[in-house]
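Scroll down for the structure; my scribbles are underneath it.
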Amino acid sequence: MFLIIWGIIFLILIALFLLFIINPQIGICLGGLKINEIITSISLILTAYSAVFMERIKKPMQKPNLVLTFRDESPYIHVYKSTHYRFKIENGGNTLAENVCLRVTKISMRELESTGDYRDTIFSPFFLNWLDNENKRYFDKIMKNLPVMIGFGHIDLYKNKRAIVLETLSPNCNNEHILLSGEYKVDLVLNASNIIKPKTYIMEFKYNSEKDDFKLIKDIKEI
């Protein structure tokens, strides 16, 4: 509808302009206004209308582009009393990313000694905790080229064993968010309220609680 109205006004302006070229002396038109006055008025309206139209075109072209990364090195691994593992989220788009969240949708595991396939662990999908943002599920705004960090897990004791305790907003007292020694594959979804399609990532790593050793098997990748 917007394009139709814009086209009609443009055609009227062209017609009046051609009429003015053919006979500049024609003056009895729409309340006694001269053709050149009509052209001037419509030109002003068209200019204002075009400005609004261009904003409507430009706005959908402005969108965030979120990228999730993780490495087994600082600052992704931070040591302070305990070892913390963190993701980095960057916005490479041309506008703010709003209400950003990172969700763990699936965790699969195989024992370090095993050569078989991964098997799904028993747990409920959960949102990771923005540790520096007052324990919120969503990070309000991520600006272009200004990365933020979000917690994945930290080392703690669980039943007298060292384990990775995942940074969920709703921790429980069973082993649902506890990763003991083993090889793991984690599925994650990165989303924001102003992007059309969320991004899905997979990360594979192994953890040895006896040596307190964490190592990526494969770099995190988008799928």
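Residues are named by chain letter and number: chains run A, B, ... in the order of the structure tokens, numbers start at 1 in each chain, and ligands are numbered from 1 in the order shown.
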
>> Let's see if you can do this: from backbone DSSP, list all strand (DSSP E) residues in region 61-219 of chain A, as number ranges by chain.
In response: A: 66-69, 77-80, 82-91, 97-110, 119-120, 126-127, 139-142, 148-158, 161-166, 178-179, 182-191, 199-208, 213-219

> What's the 12 Å shell around Thr200 (chain A), counting only C-alpha atoms, without same-chain residues fewer than 4 positions away, as JSON, numbers by chain?
Replying inline: {"A": [66, 67, 68, 69, 102, 103, 104, 105, 106, 186, 187, 188, 189, 190, 191, 220, 221, 222, 223]}

> Of the candidates A:Glu183, A:Asp140, A:Asp120, A:Asp212, which shows the shortest atom-to-atom distance to Asp156 (chain A), using only C-alpha atoms?
Replying inline: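 Among the listed residues, the smallest separation from Asp156 (chain A) belongs to A:Asp212.
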
>> Calculated over only C-alpha atoms, which of the candidates A:Met149, A:Leu169, A:Val100, A:Ile155 has the smallest distance to Phe126 (chain A)?
In response: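 Closest to Phe126 (chain A) of all the choices is A:Leu169.
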
> Using only C-alpha atoms, which of A:Phe139, A:Phe127, A:Tyr118, A:Tyr207 sits nearest Phe152 (chain A)?
Replying inline: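 Among A:Phe139, A:Phe127, A:Tyr118, A:Tyr207, it is A:Phe127 that comes nearest to Phe152 (chain A).
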
> Could you name the residues that touch Pro147 (chain A) at 9 Å or less, counting only C-alpha atoms, but leaving out those on the same chain fewer than 2 positions away, as a PyMOL selection string?
Replying inline: chain A and resi 88-91+142-145+149

Atoms to include: C-alpha atoms. Write the selected residues as a tab-separated table (two decimals), in the first residue's frame.
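Saved the output as result32.tsv:
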```tsv
chain	number	residue	atom	x	y	z
A	88	LYS	CA	32.19	-14.68	24.24
A	89	ILE	CA	29.34	-13.14	22.28
A	90	GLU	CA	30.06	-10.49	19.67
A	91	ASN	CA	27.71	-8.40	17.56
A	142	ILE	CA	24.93	-5.85	22.93
A	143	MET	CA	26.50	-3.10	20.88
A	144	LYS	CA	28.45	-3.52	17.69
A	145	ASN	CA	32.07	-4.61	18.21
A	149	MET	CA	31.09	-12.76	28.28
```
